[in-house]
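Chemist: Quick one, run_25.cif (mmCIF, C-alpha atoms):
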```cif
data_coords
loop_
_atom_site.group_PDB
_atom_site.id
_atom_site.type_symbol
_atom_site.label_atom_id
_atom_site.label_comp_id
_atom_site.auth_asym_id
_atom_site.auth_seq_id
_atom_site.Cartn_x
_atom_site.Cartn_y
_atom_site.Cartn_z
ATOM 1 C CA MET A 8 0.000 0.000 0.000
ATOM 2 C CA ARG A 9 1.365 3.407 -0.971
ATOM 3 C CA PHE A 10 0.464 6.164 1.463
ATOM 4 C CA ASN A 11 0.113 9.839 0.643
ATOM 5 C CA VAL A 12 2.664 11.311 3.044
ATOM 6 C CA ILE A 13 3.478 14.803 4.225
ATOM 7 C CA PHE A 14 7.015 14.717 5.598
ATOM 8 C CA MET A 15 8.370 17.074 8.249
ATOM 9 C CA GLY A 16 12.083 17.262 8.999
ATOM 10 C CA THR A 17 15.109 19.519 8.810
ATOM 11 C CA PRO A 18 18.672 18.136 9.299
ATOM 12 C CA ASP A 19 20.730 15.347 7.729
ATOM 13 C CA PHE A 20 19.246 12.827 10.181
ATOM 14 C CA ALA A 21 15.923 13.111 8.350
ATOM 15 C CA LEU A 22 17.315 12.413 4.868
ATOM 16 C CA PRO A 23 17.338 8.573 4.866
ATOM 17 C CA SER A 24 13.699 8.537 6.041
ATOM 18 C CA LEU A 25 12.660 10.990 3.335
ATOM 19 C CA GLU A 26 14.599 9.046 0.693
ATOM 20 C CA MET A 27 12.800 5.845 1.725
ATOM 21 C CA LEU A 28 9.409 7.554 1.574
ATOM 22 C CA ILE A 29 10.128 8.926 -1.897
ATOM 23 C CA ARG A 30 10.940 5.380 -3.089
ATOM 24 C CA GLU A 31 8.126 3.547 -1.338
ATOM 25 C CA HIS A 32 5.260 6.045 -1.035
ATOM 26 C CA ASN A 33 3.841 9.265 -2.473
ATOM 27 C CA VAL A 34 5.337 12.285 -0.714
ATOM 28 C CA THR A 35 2.878 15.081 -1.462
ATOM 29 C CA ALA A 36 4.684 17.859 0.449
ATOM 30 C CA VAL A 37 7.639 18.467 2.726
ATOM 31 C CA VAL A 38 7.644 20.808 5.721
ATOM 32 C CA THR A 39 10.938 22.122 7.045
ATOM 33 C CA LYS A 40 12.445 25.094 8.852
ATOM 34 C CA LYS A 41 13.352 28.392 7.250
ATOM 35 C CA ASP A 42 16.626 28.888 5.375
ATOM 36 C CA THR A 43 19.356 30.173 7.703
ATOM 37 C CA PRO A 44 22.463 32.349 7.166
ATOM 38 C CA LYS A 45 25.711 30.381 7.255
ATOM 39 C CA GLY A 46 29.401 30.923 6.651
ATOM 40 C CA ARG A 47 31.444 34.095 6.650
ATOM 41 C CA GLY A 48 29.190 35.709 4.090
ATOM 42 C CA ASN A 49 26.004 34.797 5.970
ATOM 43 C CA LYS A 50 24.660 33.255 2.782
ATOM 44 C CA MET A 51 21.096 32.012 3.167
ATOM 45 C CA THR A 52 21.320 28.209 3.159
ATOM 46 C CA PRO A 53 18.382 25.801 2.800
ATOM 47 C CA PRO A 54 17.967 22.889 5.233
ATOM 48 C CA PRO A 55 19.160 19.506 3.882
ATOM 49 C CA VAL A 56 15.566 18.235 3.685
ATOM 50 C CA LYS A 57 14.575 21.150 1.448
ATOM 51 C CA VAL A 58 17.468 20.429 -0.906
ATOM 52 C CA LEU A 59 16.429 16.778 -1.280
ATOM 53 C CA ALA A 60 12.731 17.566 -1.688
ATOM 54 C CA SER A 61 13.400 20.242 -4.292
ATOM 55 C CA ALA A 62 15.595 17.843 -6.268
ATOM 56 C CA HIS A 63 12.564 15.546 -6.565
ATOM 57 C CA GLY A 64 10.126 18.332 -7.392
ATOM 58 C CA ILE A 65 8.233 17.980 -4.117
ATOM 59 C CA PRO A 66 6.481 21.112 -2.799
ATOM 60 C CA VAL A 67 8.282 22.571 0.238
ATOM 61 C CA LEU A 68 6.543 24.488 3.045
ATOM 62 C CA GLN A 69 8.636 26.576 5.456
ATOM 63 C CA PRO A 70 6.213 28.081 7.974
ATOM 64 C CA GLN A 71 7.350 30.572 10.556
ATOM 65 C CA SER A 72 5.031 28.828 13.017
ATOM 66 C CA ALA A 73 3.347 25.437 12.927
ATOM 67 C CA LYS A 74 0.496 26.990 14.915
ATOM 68 C CA SER A 75 -0.548 29.603 12.369
ATOM 69 C CA ASP A 76 -3.845 29.521 10.485
ATOM 70 C CA GLU A 77 -1.946 30.047 7.236
ATOM 71 C CA PHE A 78 0.115 26.888 7.741
ATOM 72 C CA TYR A 79 -2.933 24.851 8.769
ATOM 73 C CA ASP A 80 -4.811 25.912 5.651
ATOM 74 C CA GLU A 81 -1.788 25.192 3.450
ATOM 75 C CA MET A 82 -1.306 21.709 4.930
ATOM 76 C CA ARG A 83 -4.907 20.794 4.130
ATOM 77 C CA GLN A 84 -4.338 21.433 0.433
ATOM 78 C CA TYR A 85 -2.182 18.322 0.026
ATOM 79 C CA PRO A 86 -3.398 14.689 -0.001
ATOM 80 C CA CYS A 87 -2.392 13.207 3.344
ATOM 81 C CA ASP A 88 -2.952 9.713 4.693
ATOM 82 C CA ILE A 89 -0.139 10.113 7.195
ATOM 83 C CA VAL A 90 2.354 12.688 8.431
ATOM 84 C CA VAL A 91 5.892 11.516 9.151
ATOM 85 C CA THR A 92 8.272 13.644 11.225
ATOM 86 C CA ALA A 93 12.007 13.201 11.767
ATOM 87 C CA ALA A 94 13.928 15.862 13.685
ATOM 88 C CA TYR A 95 11.517 18.576 12.590
ATOM 89 C CA GLY A 96 12.171 20.524 15.771
ATOM 90 C CA LYS A 97 8.732 21.984 16.478
ATOM 91 C CA ILE A 98 5.789 20.754 18.547
ATOM 92 C CA LEU A 99 2.696 20.360 16.365
ATOM 93 C CA PRO A 100 -0.700 21.633 17.529
ATOM 94 C CA GLN A 101 -3.581 19.177 17.800
ATOM 95 C CA ARG A 102 -5.427 20.477 14.749
ATOM 96 C CA VAL A 103 -2.386 19.739 12.556
ATOM 97 C CA LEU A 104 -2.080 16.283 14.103
ATOM 98 C CA ASP A 105 -5.735 15.697 13.218
ATOM 99 C CA ILE A 106 -5.197 16.299 9.479
ATOM 100 C CA PRO A 107 -3.807 12.868 8.432
ATOM 101 C CA LYS A 108 -6.152 9.888 8.258
ATOM 102 C CA TYR A 109 -3.756 7.553 10.087
ATOM 103 C CA GLY A 110 -2.107 10.051 12.407
ATOM 104 C CA THR A 111 1.457 11.319 12.691
ATOM 105 C CA ILE A 112 4.455 9.011 13.099
ATOM 106 C CA ASN A 113 7.727 10.366 14.468
ATOM 107 C CA VAL A 114 11.167 8.828 13.929
ATOM 108 C CA HIS A 115 12.776 9.567 17.301
ATOM 109 C CA ALA A 116 16.552 9.258 17.681
ATOM 110 C CA GLY A 117 16.649 7.674 21.117
ATOM 111 C CA LEU A 118 14.843 5.279 23.421
ATOM 112 C CA LEU A 119 11.636 6.255 25.166
ATOM 113 C CA PRO A 120 10.519 7.306 27.676
ATOM 114 C CA GLU A 121 14.003 7.845 29.144
ATOM 115 C CA TYR A 122 15.220 10.237 26.465
ATOM 116 C CA ARG A 123 12.489 12.617 25.381
ATOM 117 C CA GLY A 124 13.387 15.993 23.933
ATOM 118 C CA ALA A 125 15.543 17.653 21.302
ATOM 119 C CA ALA A 126 18.956 16.058 21.968
ATOM 120 C CA PRO A 127 18.528 12.460 23.167
ATOM 121 C CA LEU A 128 21.667 11.049 21.546
ATOM 122 C CA TRP A 129 23.872 13.847 22.894
ATOM 123 C CA HIS A 130 22.665 13.229 26.446
ATOM 124 C CA CYS A 131 22.799 9.462 26.032
ATOM 125 C CA ILE A 132 26.536 9.544 25.304
ATOM 126 C CA ILE A 133 27.289 12.282 27.837
ATOM 127 C CA ASN A 134 25.539 10.179 30.503
ATOM 128 C CA GLY A 135 27.715 7.183 29.638
ATOM 129 C CA GLU A 136 24.861 4.925 28.541
ATOM 130 C CA LYS A 137 25.730 1.493 27.154
ATOM 131 C CA GLU A 138 22.642 1.187 24.953
ATOM 132 C CA THR A 139 20.571 3.460 22.765
ATOM 133 C CA GLY A 140 18.459 3.206 19.646
ATOM 134 C CA VAL A 141 15.755 4.748 17.501
ATOM 135 C CA THR A 142 11.993 4.632 17.999
ATOM 136 C CA THR A 143 8.932 5.089 15.844
ATOM 137 C CA MET A 144 6.067 6.550 17.811
ATOM 138 C CA LEU A 145 2.667 8.133 17.381
ATOM 139 C CA THR A 146 2.918 11.864 17.876
ATOM 140 C CA ASP A 147 0.561 13.607 20.276
ATOM 141 C CA ALA A 148 0.485 17.197 21.475
ATOM 142 C CA GLY A 149 3.161 16.554 24.144
ATOM 143 C CA MET A 150 6.963 16.380 23.971
ATOM 144 C CA ASP A 151 7.654 12.828 22.718
ATOM 145 C CA THR A 152 4.879 11.431 24.928
ATOM 146 C CA GLY A 153 2.942 9.440 22.319
ATOM 147 C CA ASP A 154 2.579 5.672 22.089
ATOM 148 C CA ILE A 155 5.624 3.628 21.039
ATOM 149 C CA LEU A 156 5.298 1.626 17.825
ATOM 150 C CA LEU A 157 8.652 -0.040 17.072
ATOM 151 C CA GLU A 158 12.196 0.161 18.456
ATOM 152 C CA TYR A 159 15.687 -0.547 17.174
ATOM 153 C CA ARG A 160 18.261 -0.998 19.941
ATOM 154 C CA CYS A 161 22.051 -1.027 19.712
ATOM 155 C CA ASP A 162 25.023 -1.194 22.067
ATOM 156 C CA LEU A 163 27.267 1.815 22.567
ATOM 157 C CA ASP A 164 31.034 1.508 22.864
ATOM 158 C CA ASP A 165 33.284 4.027 24.602
ATOM 159 C CA SER A 166 34.615 5.604 21.419
ATOM 160 C CA VAL A 167 31.555 6.435 19.290
ATOM 161 C CA THR A 168 30.754 10.136 18.889
ATOM 162 C CA VAL A 169 27.302 11.651 18.640
ATOM 163 C CA GLY A 170 27.973 12.493 15.004
ATOM 164 C CA GLU A 171 28.790 8.884 14.153
ATOM 165 C CA LEU A 172 25.838 7.611 16.153
ATOM 166 C CA THR A 173 23.429 10.034 14.485
ATOM 167 C CA ASP A 174 24.532 8.878 11.030
ATOM 168 C CA LYS A 175 24.034 5.230 11.981
ATOM 169 C CA LEU A 176 20.626 5.732 13.561
ATOM 170 C CA ALA A 177 19.421 7.872 10.658
ATOM 171 C CA VAL A 178 19.792 4.802 8.425
ATOM 172 C CA GLU A 179 18.326 2.423 10.994
ATOM 173 C CA GLY A 180 15.456 4.838 11.605
ATOM 174 C CA ALA A 181 14.540 4.855 7.918
ATOM 175 C CA GLU A 182 14.404 1.048 7.878
ATOM 176 C CA LEU A 183 12.333 1.036 11.080
ATOM 177 C CA LEU A 184 9.951 3.562 9.523
ATOM 178 C CA LYS A 185 9.590 1.364 6.440
ATOM 179 C CA ILE A 186 8.637 -1.637 8.598
ATOM 180 C CA THR A 187 6.284 0.538 10.674
ATOM 181 C CA LEU A 188 4.375 1.650 7.576
ATOM 182 C CA GLU A 189 4.252 -1.904 6.221
ATOM 183 C CA LYS A 190 2.697 -3.069 9.481
ATOM 184 C CA LEU A 191 0.272 -0.150 9.425
ATOM 185 C CA ALA A 192 -0.785 -1.120 5.906
ATOM 186 C CA ASP A 193 -1.398 -4.788 6.722
ATOM 187 C CA GLY A 194 -3.093 -4.118 10.080
ATOM 188 C CA THR A 195 -0.419 -5.715 12.302
ATOM 189 C CA LEU A 196 1.018 -2.541 13.828
ATOM 190 C CA GLU A 197 0.757 -2.522 17.616
ATOM 191 C CA ARG A 198 1.211 0.369 20.008
ATOM 192 C CA ARG A 199 2.121 0.606 23.663
ATOM 193 C CA LYS A 200 1.866 3.467 26.073
ATOM 194 C CA GLN A 201 4.976 4.966 27.590
ATOM 195 C CA ASP A 202 5.701 4.525 31.282
ATOM 196 C CA ASP A 203 5.723 8.150 32.404
ATOM 197 C CA SER A 204 7.313 7.210 35.728
ATOM 198 C CA ARG A 205 10.555 6.436 33.819
ATOM 199 C CA ALA A 206 10.471 9.577 31.675
ATOM 200 C CA GLY A 207 13.536 11.762 31.244
ATOM 201 C CA TYR A 208 14.170 14.963 29.337
ATOM 202 C CA ALA A 209 17.082 15.660 26.967
ATOM 203 C CA PRO A 210 17.115 19.378 26.080
ATOM 204 C CA MET A 211 19.202 20.921 23.316
ATOM 205 C CA ILE A 212 22.903 21.129 24.184
ATOM 206 C CA LYS A 213 24.135 24.726 24.358
ATOM 207 C CA LYS A 214 27.715 25.794 23.669
ATOM 208 C CA GLU A 215 28.302 26.579 27.335
ATOM 209 C CA ASP A 216 27.226 23.033 28.266
ATOM 210 C CA ALA A 217 30.304 21.763 26.394
ATOM 211 C CA HIS A 218 32.803 23.628 28.617
ATOM 212 C CA ILE A 219 34.866 20.882 30.256
ATOM 213 C CA ASP A 220 34.734 20.610 34.046
ATOM 214 C CA TRP A 221 38.027 18.969 34.957
ATOM 215 C CA THR A 222 36.853 18.175 38.505
ATOM 216 C CA LYS A 223 34.752 15.379 36.968
ATOM 217 C CA ASN A 224 36.394 12.014 36.458
ATOM 218 C CA ALA A 225 38.240 11.190 33.247
ATOM 219 C CA LYS A 226 35.452 8.965 31.929
ATOM 220 C CA GLN A 227 32.864 11.739 32.387
ATOM 221 C CA VAL A 228 35.081 14.242 30.554
ATOM 222 C CA HIS A 229 35.666 11.731 27.746
ATOM 223 C CA ASP A 230 31.921 11.128 27.445
ATOM 224 C CA LEU A 231 31.269 14.874 27.225
ATOM 225 C CA ILE A 232 33.806 15.145 24.400
ATOM 226 C CA ARG A 233 32.211 12.231 22.516
ATOM 227 C CA GLY A 234 28.712 13.519 23.201
ATOM 228 C CA THR A 235 29.398 16.956 21.719
ATOM 229 C CA GLU A 236 31.505 15.919 18.709
ATOM 230 C CA PRO A 237 31.263 17.402 16.136
ATOM 231 C CA SER A 238 28.774 19.957 17.467
ATOM 232 C CA PRO A 239 28.874 22.061 19.539
ATOM 233 C CA GLY A 240 32.315 20.654 20.475
ATOM 234 C CA SER A 241 33.801 20.403 23.962
ATOM 235 C CA PHE A 242 36.348 23.029 24.920
ATOM 236 C CA THR A 243 38.756 24.167 27.593
ATOM 237 C CA PHE A 244 41.186 27.072 27.953
ATOM 238 C CA TYR A 245 44.995 26.940 27.851
ATOM 239 C CA ASN A 246 46.640 30.197 28.901
ATOM 240 C CA GLY A 247 43.485 32.063 27.902
ATOM 241 C CA GLU A 248 43.214 30.432 24.458
ATOM 242 C CA ARG A 249 40.218 28.253 23.743
ATOM 243 C CA PHE A 250 41.066 24.649 22.883
ATOM 244 C CA LYS A 251 38.307 22.547 21.338
ATOM 245 C CA ILE A 252 38.997 18.910 22.207
ATOM 246 C CA ARG A 253 37.986 16.766 19.230
ATOM 247 C CA LYS A 254 39.162 13.310 20.322
ATOM 248 C CA SER A 255 40.315 11.758 23.580
ATOM 249 C CA GLU A 256 40.804 8.519 25.468
ATOM 250 C CA VAL A 257 40.776 7.516 29.115
ATOM 251 C CA LEU A 258 44.101 6.224 30.385
ATOM 252 C CA ALA A 259 44.535 3.395 32.816
ATOM 253 C CA ARG A 260 45.244 4.413 36.379
ATOM 254 C CA SER A 261 48.725 5.880 36.683
ATOM 255 C CA GLU A 262 51.131 7.019 39.354
ATOM 256 C CA HIS A 263 51.073 10.479 37.755
ATOM 257 C CA PHE A 264 48.331 12.619 39.230
ATOM 258 C CA GLY A 265 47.837 16.335 39.673
ATOM 259 C CA ALA A 266 45.229 18.999 40.253
ATOM 260 C CA PRO A 267 42.101 18.779 38.082
ATOM 261 C CA GLY A 268 42.971 20.160 34.647
ATOM 262 C CA GLU A 269 46.740 19.929 35.173
ATOM 263 C CA ILE A 270 48.774 18.892 32.137
ATOM 264 C CA ILE A 271 50.839 15.959 33.396
ATOM 265 C CA ARG A 272 52.675 14.908 30.245
ATOM 266 C CA VAL A 273 53.038 16.203 26.697
ATOM 267 C CA SER A 274 54.194 13.963 23.865
ATOM 268 C CA LYS A 275 53.406 13.234 20.234
ATOM 269 C CA ASP A 276 51.091 10.490 21.536
ATOM 270 C CA GLY A 277 48.878 13.058 23.204
ATOM 271 C CA ILE A 278 48.432 15.507 26.047
ATOM 272 C CA ASP A 279 47.741 13.763 29.365
ATOM 273 C CA VAL A 280 45.530 15.787 31.712
ATOM 274 C CA ALA A 281 44.545 15.042 35.300
ATOM 275 C CA ALA A 282 40.832 14.951 35.964
ATOM 276 C CA GLY A 283 39.062 14.838 39.305
ATOM 277 C CA GLU A 284 39.815 11.139 39.147
ATOM 278 C CA GLY A 285 42.018 9.456 36.546
ATOM 279 C CA LEU A 286 43.845 10.750 33.480
ATOM 280 C CA LEU A 287 42.523 11.824 30.109
ATOM 281 C CA ARG A 288 44.649 11.853 26.974
ATOM 282 C CA ILE A 289 43.843 14.508 24.385
ATOM 283 C CA LEU A 290 44.421 13.029 20.920
ATOM 284 C CA GLU A 291 43.036 15.713 18.595
ATOM 285 C CA LEU A 292 42.349 19.403 19.140
ATOM 286 C CA GLN A 293 41.457 22.613 17.383
ATOM 287 C CA THR A 294 41.989 26.255 18.308
ATOM 288 C CA ASP A 295 40.087 29.277 17.057
ATOM 289 C CA SER A 296 42.975 29.979 14.682
ATOM 290 C CA SER A 297 43.759 26.448 13.504
ATOM 291 C CA LYS A 298 42.092 23.511 11.833
ATOM 292 C CA ARG A 299 41.441 20.195 13.543
ATOM 293 C CA MET A 300 44.670 18.208 13.957
ATOM 294 C CA ASN A 301 46.245 15.479 16.021
ATOM 295 C CA VAL A 302 48.501 16.474 18.892
ATOM 296 C CA ALA A 303 51.698 15.459 17.062
ATOM 297 C CA SER A 304 50.872 17.868 14.230
ATOM 298 C CA TYR A 305 49.948 20.643 16.646
ATOM 299 C CA LEU A 306 53.212 20.284 18.539
ATOM 300 C CA ASN A 307 55.177 20.800 15.335
ATOM 301 C CA GLY A 308 54.340 24.491 15.502
ATOM 302 C CA HIS A 309 53.263 25.087 19.087
ATOM 303 C CA LYS A 310 54.473 24.495 22.614
ATOM 304 C CA ILE A 311 52.356 23.019 25.385
ATOM 305 C CA ALA A 312 53.835 23.382 28.861
ATOM 306 C CA GLU A 313 53.498 20.617 31.403
ATOM 307 C CA ASN A 314 52.102 21.499 34.847
ATOM 308 C CA THR A 315 49.856 24.186 33.298
ATOM 309 C CA ILE A 316 46.229 24.094 34.427
ATOM 310 C CA LEU A 317 43.478 23.852 31.838
ATOM 311 C CA CYS A 318 40.282 25.564 32.862
#
```
Represent the structure from my file as structure tokens, please.
Modeler:
Amino acid sequence: MRFNVIFMGTPDFALPSLEMLIREHNVTAVVTKKDTPKGRGNKMTPPPVKVLASAHGIPVLQPQSAKSDEFYDEMRQYPCDIVVTAAYGKILPQRVLDIPKYGTINVHAGLLPEYRGAAPLWHCIINGEKETGVTTMLTDAGMDTGDILLEYRCDLDDSVTVGELTDKLAVEGAELLKITLEKLADGTLERRKQDDSRAGYAPMIKKEDAHIDWTKNAKQVHDLIRGTEPSPGSFTFYNGERFKIRKSEVLARSEHFGAPGEIIRVSKDGIDVAAGEGLLRILELQTDSSKRMNVASYLNGHKIAENTILC
């Protein structure tokens, strides 16, 4: 069965789901956020979803507000059996949710109800979780509070970054969405309510949230670095200069300890820094005036003094 679908999404995460819908169903319109200025010239840049939709000749709606009468009236002009959302970034009012015949299905990057909100994967890694996944769910007027349809679960290792995880789950989410719609079509799709007593909230990560607190243990600092890579990027300050830490590893316990943030050892293998407990090795970094590079390359043109405190 081919559904008439209105798709709502914005970033790269949404692309595999939209690509699948274009192949398997009839996408009648795409809703995404407004173009935004980017780069040194502040050139107006369309969201990735708009670029893909336009390449396929699909009408694109970019409302200022999903709550406006104008947007509601525009939505109703397109054939719509179902609305699919994936990282759209706005809460939909009930009257918009009531438009599609079969409701609105969201592809949620994270497991529910523990990780509701805008940045579940970021918080999942920062919190040191060992498992995550992607969920298809029925959207209601709340923040990721609708019934769960299907889940894909995967283990997390201690090296994966949020960027790598997002790319993986974007693909898995598209496949899960495909299965969800197949089950909807043949009448076998089941739903289960979320256990609100286990609910957690994962708000958007702000730049200031990525400032490293060296009083935390080395594993917590490492998880923050992984959970904010590539964006917004964890950072610290060395002699007043901002260092963005792009890659790190936790070292085994060592006889070399110091104050939190103290640089214990500098070598081409990395910069070893004392945390509140344990040692963290910085493997790759970037300053405001340099590109991303490994420590060996950085040391070719710069000096890093041992016993200096990062803050």
Chemist: Give as a list in words the residues that the PyMOL selection byres ((chain A and resi 253) around 10) matches when applied to the coordinates above.
Modeler: Thr168, Ile232, Arg233, Thr235, Glu236, Pro237, Ser238, Gly240, Ser241, Phe242, Phe250, Lys251, Ile252, Lys254, Ser255, Ile289, Leu290, Glu291, Leu292, Gln293, Arg299, Met300 and Asn301 of chain A
Chemist: Given the file shown, enumerate the residues that the PyMOL selection byres ((chain A and resi 13) around 8) captures and present them as a PyMOL selection string.
Modeler: chain A and resi 11-12+14-15+34-38+85+87+89-91
Chemist: Hey, can you pull every residue with an atom no more than 8 Å from (42.3, 12.1, 41.7), using all atoms listed in the file, and send it as a list in words?
Modeler: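 In the file's frame, the residues around the point are Asn224, Phe264, Gly265, Ala266, Pro267, Ala281, Ala282, Gly283, Glu284 and Gly285 of chain A.
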Chemist: Evaluate the PyMOL selection byres ((chain A and resi 144) around 12) against this structure - the residues, as a PyMOL selection string, please.
Modeler: chain A and resi 90-93+110-120+123+141-143+145-147+150-159+180+183-184+187-188+196-201
Chemist: For stretch 62-125 of chain A against stretch 209-223 of chain A, with a cut-off of 6 Å and counting all atoms listed in the file, what is the closest atom pair and its distance in Å to one decimal for every residue that makes the cut, ordered by chain and number, as CSV?
Modeler:
```
residue,atom,partner,partner_atom,distance
A:Tyr122,CA,A:Ala209,CA,5.8
A:Arg123,CA,A:Ala209,CA,5.7
A:Gly124,CA,A:Ala209,CA,4.8
A:Ala125,CA,A:Met211,CA,5.3
```
Chemist: Name the closest residue to A:Asp19 among the candidates A:Glu269, A:Asp174, A:Glu189, A:Glu182; distances are taken between atoms, counting all atoms listed in the file.
Modeler: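 Distance minimum relative to A:Asp19 lands on A:Asp174.
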Chemist: Would you list the contacts of A:Leu99 as a list in words, taking every protein, DNA or RNA residue within 9 Å and counting all atoms listed in the file, but skipping same-chain residues closer than 5 positions in sequence?
Modeler: Ala73, Lys74, Leu104, Thr146, Asp147, Ala148 and Gly149 of chain A
Chemist: What is the distance between atom CA of A:His229 and atom CA of A:Lys175, in Å to one decimal?
Modeler: 20.6 Å
Chemist: So for stretch 18-30 of chain A, what box centre and size do we get, axis-aligned, 6 Å extra on each of the six sides, every listed atom, Å to one decimal, as lines of an AutoDock Vina configuration file?
Modeler:
```
center_x = 15.1
center_y = 11.8
center_z = 3.5
size_x = 23.3
size_y = 24.8
size_z = 25.3
```
Chemist: (26.2, 12.7, 25.0) in this file's frame - what residues fall within 9 Å of it? Use all atoms listed in the file and give the answer as a short mmCIF file (atom, residue, chain, number, x, y, z; two decimals) with C-alpha atoms, keeping the file's coordinate frame.
Modeler:
```cif
data_model
loop_
_atom_site.label_atom_id
_atom_site.label_comp_id
_atom_site.auth_asym_id
_atom_site.auth_seq_id
_atom_site.Cartn_x
_atom_site.Cartn_y
_atom_site.Cartn_z
CA ALA A 126 18.96 16.06 21.97
CA PRO A 127 18.53 12.46 23.17
CA LEU A 128 21.67 11.05 21.55
CA TRP A 129 23.87 13.85 22.89
CA HIS A 130 22.66 13.23 26.45
CA CYS A 131 22.80 9.46 26.03
CA ILE A 132 26.54 9.54 25.30
CA ILE A 133 27.29 12.28 27.84
CA ASN A 134 25.54 10.18 30.50
CA GLY A 135 27.72 7.18 29.64
CA GLU A 136 24.86 4.92 28.54
CA THR A 168 30.75 10.14 18.89
CA VAL A 169 27.30 11.65 18.64
CA ASP A 230 31.92 11.13 27.44
CA LEU A 231 31.27 14.87 27.22
CA ILE A 232 33.81 15.14 24.40
CA ARG A 233 32.21 12.23 22.52
CA GLY A 234 28.71 13.52 23.20
CA THR A 235 29.40 16.96 21.72
CA GLU A 236 31.50 15.92 18.71
#
```
Chemist: One decimal, Å: what's the distance from atom CA of A:Gly308 over to atom CA of A:Ile278, could you say?
Modeler: 15.1 Å
Chemist: I want to know what sits within 9 Å of A:Leu306, based on only C-alpha atoms, with residues of the same chain fewer than 4 positions away left out; could you give that as an mmCIF file with C-alpha atoms, in the coordinates of the input?
Modeler:
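Contents of out08.cif, as written:
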```
data_model
loop_
_atom_site.group_PDB
_atom_site.id
_atom_site.type_symbol
_atom_site.label_atom_id
_atom_site.label_comp_id
_atom_site.auth_asym_id
_atom_site.auth_seq_id
_atom_site.Cartn_x
_atom_site.Cartn_y
_atom_site.Cartn_z
ATOM 1 C CA SER A 274 54.194 13.963 23.865
ATOM 2 C CA LYS A 275 53.406 13.234 20.234
ATOM 3 C CA ASN A 301 46.245 15.479 16.021
ATOM 4 C CA VAL A 302 48.501 16.474 18.892
ATOM 5 C CA LYS A 310 54.473 24.495 22.614
ATOM 6 C CA ILE A 311 52.356 23.019 25.385
#
```
Chemist: Tell me, in Å to one decimal, how far atom CA of A:Gly16 is from atom CA of A:Lys108.
Modeler: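 Computing it gives 19.7 Å between the two atoms.
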